[in-house]
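Have a look at run_7.txt below; it lists compact mmCIF, C-alpha atoms.
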```txt
# COMPACT_ATOMS: atom_id res chain seq x y z
CA LEU A 1 33.14 -41.02 9.04
CA ASN A 2 33.92 -42.79 12.31
CA SER A 3 30.43 -42.07 13.67
CA THR A 4 28.59 -44.04 10.98
CA LYS A 5 26.21 -46.75 12.25
CA PHE A 6 27.46 -49.14 9.58
CA ASP A 7 30.92 -49.93 8.27
CA PHE A 8 29.74 -48.98 4.80
CA SER A 9 26.50 -47.65 3.35
CA MET A 10 25.26 -46.08 0.15
CA MET A 11 22.32 -43.71 -0.19
CA HIS A 12 20.62 -42.57 -3.40
CA ARG A 13 19.60 -38.92 -3.53
CA GLU A 14 17.91 -37.00 -6.34
CA HIS A 15 21.07 -36.09 -8.25
CA ALA A 16 23.77 -37.93 -6.35
CA ILE A 17 24.82 -41.09 -4.56
CA VAL A 18 26.34 -40.65 -1.11
CA PHE A 19 28.83 -43.19 0.25
CA THR A 20 29.23 -43.29 4.02
CA TYR A 21 32.04 -45.38 5.49
CA ALA A 22 34.15 -46.00 8.56
CA THR A 23 37.52 -44.35 8.01
CA SER A 24 39.07 -46.81 10.42
CA LEU A 25 38.29 -49.60 7.95
CA PHE A 26 38.37 -48.02 4.49
CA LYS A 27 40.71 -45.68 2.70
CA ARG A 28 39.27 -42.84 0.64
CA GLU A 29 40.89 -44.35 -2.47
CA THR A 30 39.06 -47.64 -1.89
CA ILE A 31 35.69 -45.93 -1.71
CA ALA A 32 36.54 -43.92 -4.83
CA ASP A 33 37.24 -47.19 -6.66
CA ILE A 34 33.92 -48.62 -5.48
CA ALA A 35 32.12 -45.51 -6.72
CA LYS A 36 33.81 -45.77 -10.13
CA THR A 37 32.88 -49.44 -10.42
CA TYR A 38 29.27 -48.72 -9.50
CA GLU A 39 29.11 -45.93 -12.06
CA ARG A 40 30.59 -48.19 -14.73
CA ILE A 41 28.08 -50.97 -14.00
CA LEU A 42 25.17 -48.53 -14.26
CA GLN A 43 26.50 -47.26 -17.58
CA GLU A 44 26.86 -50.81 -18.93
CA ILE A 45 23.27 -51.60 -17.96
CA VAL A 46 22.05 -48.47 -19.75
CA ASP A 47 24.13 -49.31 -22.83
CA ASP A 48 22.85 -52.89 -23.03
CA PRO A 49 19.85 -53.62 -20.78
CA HIS A 50 19.52 -57.16 -22.18
CA GLN A 51 22.96 -58.43 -21.17
CA LEU A 52 23.46 -61.05 -18.49
CA ILE A 53 24.52 -60.03 -15.00
CA ALA A 54 27.47 -62.39 -15.40
CA ASP A 55 28.76 -60.22 -18.26
CA LEU A 56 29.00 -57.01 -16.23
CA THR A 57 32.50 -55.69 -15.56
CA LEU A 58 32.91 -55.80 -11.79
CA THR A 59 36.52 -54.63 -11.59
CA GLU A 60 38.87 -52.72 -13.84
CA ASN A 61 40.95 -55.86 -14.40
CA SER A 62 37.99 -58.21 -14.69
CA PRO A 63 38.40 -60.95 -17.32
CA LYS A 64 34.79 -60.27 -18.27
CA LYS A 65 35.52 -56.82 -19.68
CA ILE A 66 32.76 -54.97 -21.43
CA GLN A 67 34.80 -55.28 -24.64
CA LYS A 68 34.26 -59.03 -24.52
CA ARG A 69 30.93 -59.43 -26.22
CA TYR A 70 29.15 -62.43 -27.56
CA PRO A 71 28.71 -62.45 -31.34
CA LYS A 72 26.20 -59.94 -32.67
CA LYS A 73 24.87 -62.63 -34.97
CA LEU A 74 21.63 -64.49 -35.43
CA ILE A 75 21.08 -68.05 -34.24
CA HIS A 76 21.06 -69.58 -37.71
CA GLN A 77 24.17 -67.62 -38.72
CA LEU A 78 26.17 -69.26 -35.95
CA PHE A 79 24.73 -72.60 -37.02
CA GLU A 80 25.82 -71.89 -40.61
CA LYS A 81 29.31 -71.20 -39.34
CA GLN A 82 29.41 -74.70 -37.89
CA VAL A 83 28.20 -76.05 -41.23
CA GLU A 84 31.27 -74.48 -42.86
CA ILE A 85 33.62 -75.77 -40.16
CA ASN A 86 32.19 -79.26 -39.73
CA PRO A 87 29.88 -80.13 -42.69
CA ASN A 88 30.15 -83.89 -42.20
CA GLY A 89 29.76 -83.78 -38.44
CA LEU A 90 26.66 -85.41 -36.99
CA ALA A 91 24.12 -82.74 -36.05
CA ILE A 92 20.84 -84.51 -35.27
CA VAL A 93 19.94 -88.07 -34.33
CA TYR A 94 16.30 -89.13 -34.06
CA LYS A 95 15.60 -92.86 -33.80
CA ASP A 96 17.16 -94.32 -36.97
CA LYS A 97 17.44 -90.92 -38.71
CA GLN A 98 20.74 -89.03 -38.74
CA LEU A 99 21.54 -85.67 -40.31
CA THR A 100 24.98 -84.13 -40.74
CA TYR A 101 25.43 -80.40 -40.44
CA ALA A 102 25.50 -80.04 -44.23
CA GLU A 103 22.35 -82.15 -44.65
CA LEU A 104 20.46 -80.31 -41.93
CA ASN A 105 21.46 -76.97 -43.44
CA ARG A 106 20.28 -78.01 -46.91
CA GLU A 107 16.91 -79.14 -45.55
CA ALA A 108 16.52 -75.94 -43.55
CA ASN A 109 17.42 -73.79 -46.56
CA LYS A 110 14.86 -75.52 -48.79
CA PHE A 111 12.32 -75.01 -46.04
CA ALA A 112 13.21 -71.31 -45.75
CA HIS A 113 13.04 -70.68 -49.50
CA THR A 114 9.65 -72.40 -49.62
CA LEU A 115 8.37 -70.00 -46.96
CA ILE A 116 9.86 -66.98 -48.72
CA ASP A 117 9.00 -67.81 -52.33
CA LYS A 118 5.72 -69.72 -52.08
CA TYR A 119 4.16 -68.25 -48.95
CA GLU A 120 5.78 -64.79 -49.12
CA ILE A 121 6.79 -64.95 -45.47
CA LYS A 122 8.40 -61.68 -44.34
CA PRO A 123 10.77 -60.99 -41.43
CA GLU A 124 9.06 -60.88 -38.03
CA THR A 125 6.13 -62.98 -39.24
CA CYS A 126 4.99 -65.48 -36.60
CA VAL A 127 4.90 -69.05 -37.92
CA PRO A 128 3.42 -71.70 -35.59
CA ILE A 129 4.77 -75.27 -35.68
CA LEU A 130 2.38 -78.11 -34.88
CA MET A 131 4.43 -81.23 -35.55
CA GLU A 132 5.48 -84.48 -33.96
CA ARG A 133 8.96 -84.58 -32.48
CA SER A 134 11.44 -85.49 -35.24
CA GLU A 135 14.47 -84.30 -37.19
CA LYS A 136 12.00 -82.44 -39.45
CA TYR A 137 10.96 -80.30 -36.50
CA VAL A 138 14.54 -79.02 -36.22
CA SER A 139 14.64 -78.33 -39.97
CA ALA A 140 11.42 -76.37 -39.59
CA ILE A 141 12.81 -74.27 -36.73
CA LEU A 142 15.98 -73.42 -38.65
CA GLY A 143 14.02 -72.81 -41.85
CA ILE A 144 11.72 -70.33 -40.14
CA LEU A 145 14.68 -68.52 -38.58
CA LYS A 146 16.49 -68.40 -41.93
CA ALA A 147 13.36 -66.85 -43.48
CA GLY A 148 13.62 -64.08 -40.88
CA ALA A 149 10.43 -65.22 -39.20
CA CYS A 150 9.60 -66.07 -35.60
CA TYR A 151 8.64 -69.65 -34.80
CA VAL A 152 5.81 -70.42 -32.38
CA PRO A 153 5.93 -74.01 -31.04
CA LEU A 154 2.59 -75.69 -30.40
CA SER A 155 1.81 -79.05 -28.85
CA LYS A 156 -0.61 -81.60 -30.23
CA GLU A 157 -1.57 -82.22 -26.62
CA TYR A 158 -3.01 -78.70 -26.38
CA PRO A 159 -6.80 -78.42 -26.44
CA GLN A 160 -7.97 -77.31 -29.88
CA GLU A 161 -9.34 -74.13 -28.33
CA ARG A 162 -5.85 -73.16 -27.11
CA ILE A 163 -4.29 -73.92 -30.50
CA ASP A 164 -6.90 -71.81 -32.29
CA TYR A 165 -6.40 -68.96 -29.83
CA ILE A 166 -2.62 -68.88 -30.33
CA ILE A 167 -2.91 -69.05 -34.11
CA GLU A 168 -5.36 -66.15 -34.05
CA LYS A 169 -3.23 -64.06 -31.67
CA THR A 170 -0.10 -64.49 -33.80
CA ASN A 171 -1.89 -63.54 -37.04
CA ALA A 172 -0.20 -66.58 -38.55
CA PRO A 173 -0.48 -66.83 -42.35
CA LEU A 174 0.12 -70.59 -42.13
CA VAL A 175 0.82 -73.36 -39.64
CA ILE A 176 3.63 -75.87 -40.17
CA THR A 177 2.33 -79.42 -39.72
CA ASP A 178 3.77 -82.87 -40.43
CA GLU A 179 2.07 -82.72 -43.84
CA PHE A 180 3.83 -79.48 -44.85
CA MET A 181 5.40 -79.86 -48.29
CA VAL A 182 8.81 -78.32 -49.00
CA SER A 183 8.66 -77.31 -52.65
CA SER A 184 11.85 -75.29 -53.11
CA ARG A 185 15.04 -76.89 -54.40
CA LYS A 186 17.20 -73.92 -53.44
CA VAL A 187 19.89 -75.07 -51.02
CA GLU A 188 21.89 -71.86 -50.56
CA ASN A 189 21.59 -69.83 -47.37
CA PRO A 190 18.94 -67.09 -47.74
CA ASP A 191 20.47 -63.62 -47.82
CA LEU A 192 18.18 -61.36 -45.81
CA ARG A 193 18.87 -58.11 -44.01
CA LEU A 194 18.24 -59.09 -40.43
CA THR A 195 19.67 -57.98 -37.09
CA ASN A 196 20.09 -59.73 -33.78
CA THR A 197 17.13 -57.73 -32.46
CA ASN A 198 14.82 -59.70 -34.75
CA HIS A 199 12.56 -62.10 -32.88
CA ALA A 200 13.53 -65.76 -32.95
CA TYR A 201 10.61 -67.46 -31.25
CA MET A 202 7.45 -66.87 -29.27
CA ILE A 203 6.45 -68.93 -26.25
CA PHE A 204 2.92 -68.93 -24.87
CA THR A 205 2.48 -69.34 -21.14
CA SER A 206 -0.78 -69.95 -19.29
CA GLY A 207 -0.70 -66.51 -17.69
CA THR A 208 -2.14 -65.60 -14.30
CA THR A 209 -5.68 -65.56 -15.69
CA GLY A 210 -5.37 -68.89 -17.48
CA VAL A 211 -5.43 -67.17 -20.86
CA PRO A 212 -2.32 -67.96 -22.97
CA LYS A 213 0.12 -65.06 -23.03
CA GLY A 214 2.81 -64.80 -25.70
CA VAL A 215 6.38 -63.76 -24.96
CA MET A 216 8.65 -62.94 -27.91
CA ILE A 217 12.38 -63.59 -27.59
CA GLU A 218 15.04 -61.87 -29.71
CA HIS A 219 18.00 -63.61 -31.31
CA GLN A 220 20.46 -61.63 -29.16
CA ASN A 221 18.89 -62.88 -25.93
CA VAL A 222 19.22 -66.48 -27.05
CA ILE A 223 22.80 -65.99 -28.28
CA ASN A 224 23.93 -64.34 -25.04
CA THR A 225 22.46 -67.09 -22.88
CA ILE A 226 23.69 -69.96 -25.04
CA CYS A 227 27.22 -68.59 -25.41
CA ASN A 228 27.35 -68.18 -21.66
CA GLN A 229 26.26 -71.81 -21.19
CA ILE A 230 28.81 -73.00 -23.74
CA GLU A 231 31.61 -71.23 -21.85
CA LEU A 232 30.32 -72.29 -18.45
CA TYR A 233 29.91 -76.00 -19.21
CA GLY A 234 32.65 -76.36 -21.81
CA PHE A 235 30.54 -77.69 -24.69
CA THR A 236 32.56 -78.61 -27.80
CA LYS A 237 32.00 -80.41 -31.10
CA GLU A 238 32.75 -83.65 -29.23
CA THR A 239 29.70 -83.13 -27.00
CA LYS A 240 26.77 -85.52 -27.37
CA ALA A 241 23.64 -84.26 -25.64
CA PHE A 242 20.09 -85.49 -25.20
CA HIS A 243 17.26 -83.10 -26.01
CA PHE A 244 14.63 -83.89 -23.38
CA SER A 245 12.39 -80.82 -23.30
CA ASN A 246 9.17 -80.38 -25.21
CA PHE A 247 9.64 -77.80 -27.96
CA VAL A 248 6.97 -75.58 -26.39
CA PHE A 249 9.29 -74.75 -23.48
CA ASP A 250 12.18 -72.27 -23.35
CA ALA A 251 14.53 -75.00 -22.17
CA SER A 252 14.19 -76.76 -25.52
CA VAL A 253 15.73 -73.78 -27.31
CA PHE A 254 18.89 -73.96 -25.26
CA GLU A 255 19.08 -77.78 -25.27
CA LEU A 256 18.99 -77.67 -29.07
CA PHE A 257 21.28 -74.77 -29.83
CA TYR A 258 24.07 -75.20 -27.30
CA THR A 259 24.88 -78.27 -29.38
CA LEU A 260 24.20 -76.95 -32.89
CA LEU A 261 26.19 -73.76 -32.30
CA VAL A 262 29.39 -75.62 -31.38
CA GLY A 263 29.24 -78.46 -33.90
CA ALA A 264 28.05 -81.05 -31.37
CA THR A 265 25.38 -83.76 -31.72
CA SER A 266 21.83 -83.46 -30.41
CA TYR A 267 19.90 -86.66 -29.72
CA LEU A 268 16.16 -86.14 -29.98
```
Could you take the file, read its structure, and then write that structure out as structure tokens?
Amino acid sequence: LNSTKFDFSMMHREHAIVFTYATSLFKRETIADIAKTYERILQEIVDDPHQLIADLTLTENSPKKIQKRYPKKLIHQLFEKQVEINPNGLAIVYKDKQLTYAELNREANKFAHTLIDKYEIKPETCVPILMERSEKYVSAILGILKAGACYVPLSKEYPQERIDYIIEKTNAPLVITDEFMVSSRKVENPDLRLTNTNHAYMIFTSGTTGVPKGVMIEHQNVINTICNQIELYGFTKETKAFHFSNFVFDASVFELFYTLLVGATSYL
């Protein structure tokens, strides 16, 4: 329409979307392509509301086609894949302690089997971690994930009142501390029926009222973000990265796993 006030506009109506455009600038076929793309994007969002905006298919020939999906796996499953590929590769370095991928996996498996067999931890159970920063903290995280549970990082710098509140809100059957004893000798990967919609971790924020508010994050959300970072920054097994963030922050999850999911080394 040559009389339009704008070169191009789009208006949502109850059961339709109306495109108005200047015919002197746009061909009908071009607008039809735009309409198809918009429809496709809306359908993709409906099909997978948790995907990243960067993964949406913007054009028919886009390299980021909807068929290109990140693995529908769990965090620890992708870690276990790296254990198979690179068992002797260096996974974690903390002060004078070093763990290869095989060693870290064995420790995490013993941790997981202890939770499952001794404490009867079930999938989706929230398990708080109140430990000093160390290689054992990473084993605890992986062990909780392998048990199908959801880890809840706590800080020893928190006031005791905040710690007690979070433990109560998560209905935690136990809290992992530095004194936690791993009793299982089982070193094989636990075989549990889990999906990528299982929760991986729970972060508590201060909230607008000052009362801690828990946010639960699924495995698939972590995988999508981390795989995107790996592609974007080109992380490989040759990467050596420092883990700066406190474990109570979201950033720590990505700092840890963008290394462990590609066979790289994380320096704590």
Non-local contacts of Val262 of chain A (9 Å; all atoms listed in the file; under 6 positions in same chain excluded) as a VMD selection string: chain A and resid 78 to 79 82 230 235 to 239
Please give the centre and size of the box around segment 103-120 of chain A (axis-aligned, containing every atom listed in the file, 8 Å added per side), with values in Å to one decimal and written as AutoDock Vina command-line options.
```
--center_x 13.3 --center_y -73.5 --center_z -47.1 --size_x 34.2 --size_y 33.4 --size_z 26.4
```
For the contact check between segment 106-164 of chain A and segment 202-206 of chain A, emit one row per residue of segment 106-164 of chain A within 8 Å, containing the shortest atom pair and the distance in Å rounded to one decimal, counting only C-alpha atoms, chain then rising number order, as JSON lines.
```
{"residue": "A:Cys126", "atom": "CA", "partner": "A:Met202", "partner_atom": "CA", "distance": 7.9}
{"residue": "A:Cys150", "atom": "CA", "partner": "A:Met202", "partner_atom": "CA", "distance": 6.7}
{"residue": "A:Tyr151", "atom": "CA", "partner": "A:Met202", "partner_atom": "CA", "distance": 6.3}
{"residue": "A:Val152", "atom": "CA", "partner": "A:Met202", "partner_atom": "CA", "distance": 5.0}
{"residue": "A:Pro153", "atom": "CA", "partner": "A:Ile203", "partner_atom": "CA", "distance": 7.0}
```
Take the selection from the previous step and output its residues with C-alpha atoms, as a PDB file, keeping the file's coordinate frame.
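selection-v5.pdb, freshly written:
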```pdb
ATOM      1  CA  CYS A 126       4.990 -65.480 -36.600  1.00  0.00           C
ATOM      2  CA  CYS A 150       9.600 -66.070 -35.600  1.00  0.00           C
ATOM      3  CA  TYR A 151       8.640 -69.650 -34.800  1.00  0.00           C
ATOM      4  CA  VAL A 152       5.810 -70.420 -32.380  1.00  0.00           C
ATOM      5  CA  PRO A 153       5.930 -74.010 -31.040  1.00  0.00           C
TER       6      PRO A 153
END
```
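Minimum atom-to-atom distances from A:Ala147, A:Val175, A:Leu192, A:Ala108 to Ile129 of chain A were compared using all atoms listed in the file, and the lowest value belongs to A:Val175.
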Nearest to Ile166 of chain A, chosen from A:Ala91, A:Leu154, A:Val182, A:Val18, with all atoms listed in the file counted in the distances: A:Leu154
Counting only C-alpha atoms, the residue of A:Ser24, A:Asn198, A:Asn228, A:Ser245 that sits nearest Pro71 of chain A: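 Using only C-alpha atoms, Pro71 of chain A sits closest to A:Asn228.
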Residue among A:Ala241, A:Val127, A:Leu145, A:Leu174 lying closest to Glu255 of chain A, counting all atoms listed in the file: A:Ala241
Gap from atom CA of Asn109 of chain A to atom CA of Asn189 of chain A - Å, one decimal: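 Atom CA of Asn189 of chain A lies at a distance of 5.8 Å from atom CA of Asn109 of chain A.
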As a PDB file with C-alpha atoms, in the frame of the given file, please: the residues near Leu194 of chain A (cut-off 12 Å, only C-alpha atoms, same-chain neighbours under 4 positions excluded).
```pdb
ATOM      1  CA  LYS A  72      26.200 -59.940 -32.670  1.00  0.00           C
ATOM      2  CA  LYS A  73      24.870 -62.630 -34.970  1.00  0.00           C
ATOM      3  CA  LEU A  74      21.630 -64.490 -35.430  1.00  0.00           C
ATOM      4  CA  ILE A  75      21.080 -68.050 -34.240  1.00  0.00           C
ATOM      5  CA  HIS A  76      21.060 -69.580 -37.710  1.00  0.00           C
ATOM      6  CA  GLN A  77      24.170 -67.620 -38.720  1.00  0.00           C
ATOM      7  CA  LYS A 122       8.400 -61.680 -44.340  1.00  0.00           C
ATOM      8  CA  PRO A 123      10.770 -60.990 -41.430  1.00  0.00           C
ATOM      9  CA  GLU A 124       9.060 -60.880 -38.030  1.00  0.00           C
ATOM     10  CA  LEU A 145      14.680 -68.520 -38.580  1.00  0.00           C
ATOM     11  CA  LYS A 146      16.490 -68.400 -41.930  1.00  0.00           C
ATOM     12  CA  ALA A 147      13.360 -66.850 -43.480  1.00  0.00           C
ATOM     13  CA  GLY A 148      13.620 -64.080 -40.880  1.00  0.00           C
ATOM     14  CA  ALA A 149      10.430 -65.220 -39.200  1.00  0.00           C
ATOM     15  CA  PRO A 190      18.940 -67.090 -47.740  1.00  0.00           C
ATOM     16  CA  ASN A 198      14.820 -59.700 -34.750  1.00  0.00           C
ATOM     17  CA  HIS A 199      12.560 -62.100 -32.880  1.00  0.00           C
ATOM     18  CA  ALA A 200      13.530 -65.760 -32.950  1.00  0.00           C
ATOM     19  CA  GLU A 218      15.040 -61.870 -29.710  1.00  0.00           C
ATOM     20  CA  HIS A 219      18.000 -63.610 -31.310  1.00  0.00           C
ATOM     21  CA  GLN A 220      20.460 -61.630 -29.160  1.00  0.00           C
TER      22      GLN A 220
END
```
Between atom CA of Leu268 of chain A and atom CA of Lys186 of chain A - distance in Å to one decimal: 26.5 Å
Mind completing segment 80-104 of chain A with N, CA and C atoms? Output as a short mmCIF file (atom, residue, chain, number, x, y, z; two decimals), in the coordinates of the input, please?
```cif
data_model
loop_
_atom_site.label_atom_id
_atom_site.label_comp_id
_atom_site.auth_asym_id
_atom_site.auth_seq_id
_atom_site.Cartn_x
_atom_site.Cartn_y
_atom_site.Cartn_z
N GLU A 80 25.21 -71.82 -39.28
CA GLU A 80 25.82 -71.89 -40.61
C GLU A 80 27.34 -71.88 -40.54
N LYS A 81 27.86 -71.20 -39.54
CA LYS A 81 29.31 -71.20 -39.34
C LYS A 81 29.80 -72.60 -39.02
N GLN A 82 29.04 -73.32 -38.21
CA GLN A 82 29.41 -74.70 -37.89
C GLN A 82 29.28 -75.61 -39.10
N VAL A 83 28.35 -75.30 -39.99
CA VAL A 83 28.20 -76.05 -41.23
C VAL A 83 29.47 -75.92 -42.07
N GLU A 84 30.03 -74.72 -42.11
CA GLU A 84 31.27 -74.48 -42.86
C GLU A 84 32.44 -75.21 -42.22
N ILE A 85 32.50 -75.17 -40.89
CA ILE A 85 33.62 -75.77 -40.16
C ILE A 85 33.56 -77.30 -40.17
N ASN A 86 32.35 -77.82 -39.97
CA ASN A 86 32.19 -79.26 -39.73
C ASN A 86 31.01 -79.83 -40.53
N PRO A 87 31.04 -79.73 -41.87
CA PRO A 87 29.88 -80.13 -42.69
C PRO A 87 29.48 -81.59 -42.52
N ASN A 88 30.44 -82.46 -42.30
CA ASN A 88 30.15 -83.89 -42.20
C ASN A 88 29.93 -84.36 -40.76
N GLY A 89 30.01 -83.43 -39.83
CA GLY A 89 29.76 -83.78 -38.44
C GLY A 89 28.29 -84.11 -38.23
N LEU A 90 28.03 -84.98 -37.27
CA LEU A 90 26.66 -85.41 -36.99
C LEU A 90 25.94 -84.34 -36.17
N ALA A 91 24.84 -83.82 -36.72
CA ALA A 91 24.12 -82.74 -36.05
C ALA A 91 22.93 -83.24 -35.24
N ILE A 92 22.08 -84.05 -35.89
CA ILE A 92 20.84 -84.51 -35.27
C ILE A 92 20.70 -86.02 -35.41
N VAL A 93 20.27 -86.64 -34.31
CA VAL A 93 19.94 -88.07 -34.33
C VAL A 93 18.54 -88.22 -33.75
N TYR A 94 17.65 -88.83 -34.54
CA TYR A 94 16.30 -89.13 -34.06
C TYR A 94 15.94 -90.54 -34.48
N LYS A 95 15.86 -91.43 -33.53
CA LYS A 95 15.60 -92.86 -33.80
C LYS A 95 16.64 -93.37 -34.80
N ASP A 96 16.20 -93.80 -35.99
CA ASP A 96 17.16 -94.32 -36.97
C ASP A 96 17.56 -93.26 -38.00
N LYS A 97 17.12 -92.01 -37.79
CA LYS A 97 17.44 -90.92 -38.71
C LYS A 97 18.64 -90.13 -38.19
N GLN A 98 19.57 -89.84 -39.08
CA GLN A 98 20.74 -89.03 -38.74
C GLN A 98 20.94 -87.96 -39.81
N LEU A 99 21.26 -86.76 -39.38
CA LEU A 99 21.54 -85.67 -40.31
C LEU A 99 22.87 -85.03 -39.96
N THR A 100 23.74 -84.88 -40.95
CA THR A 100 24.98 -84.13 -40.74
C THR A 100 24.65 -82.65 -40.76
N TYR A 101 25.64 -81.84 -40.42
CA TYR A 101 25.43 -80.40 -40.44
C TYR A 101 25.09 -79.92 -41.85
N ALA A 102 25.77 -80.44 -42.85
CA ALA A 102 25.50 -80.04 -44.23
C ALA A 102 24.09 -80.45 -44.65
N GLU A 103 23.68 -81.66 -44.28
CA GLU A 103 22.35 -82.15 -44.65
C GLU A 103 21.26 -81.35 -43.96
N LEU A 104 21.44 -81.09 -42.67
CA LEU A 104 20.46 -80.31 -41.93
C LEU A 104 20.35 -78.90 -42.50
#
```
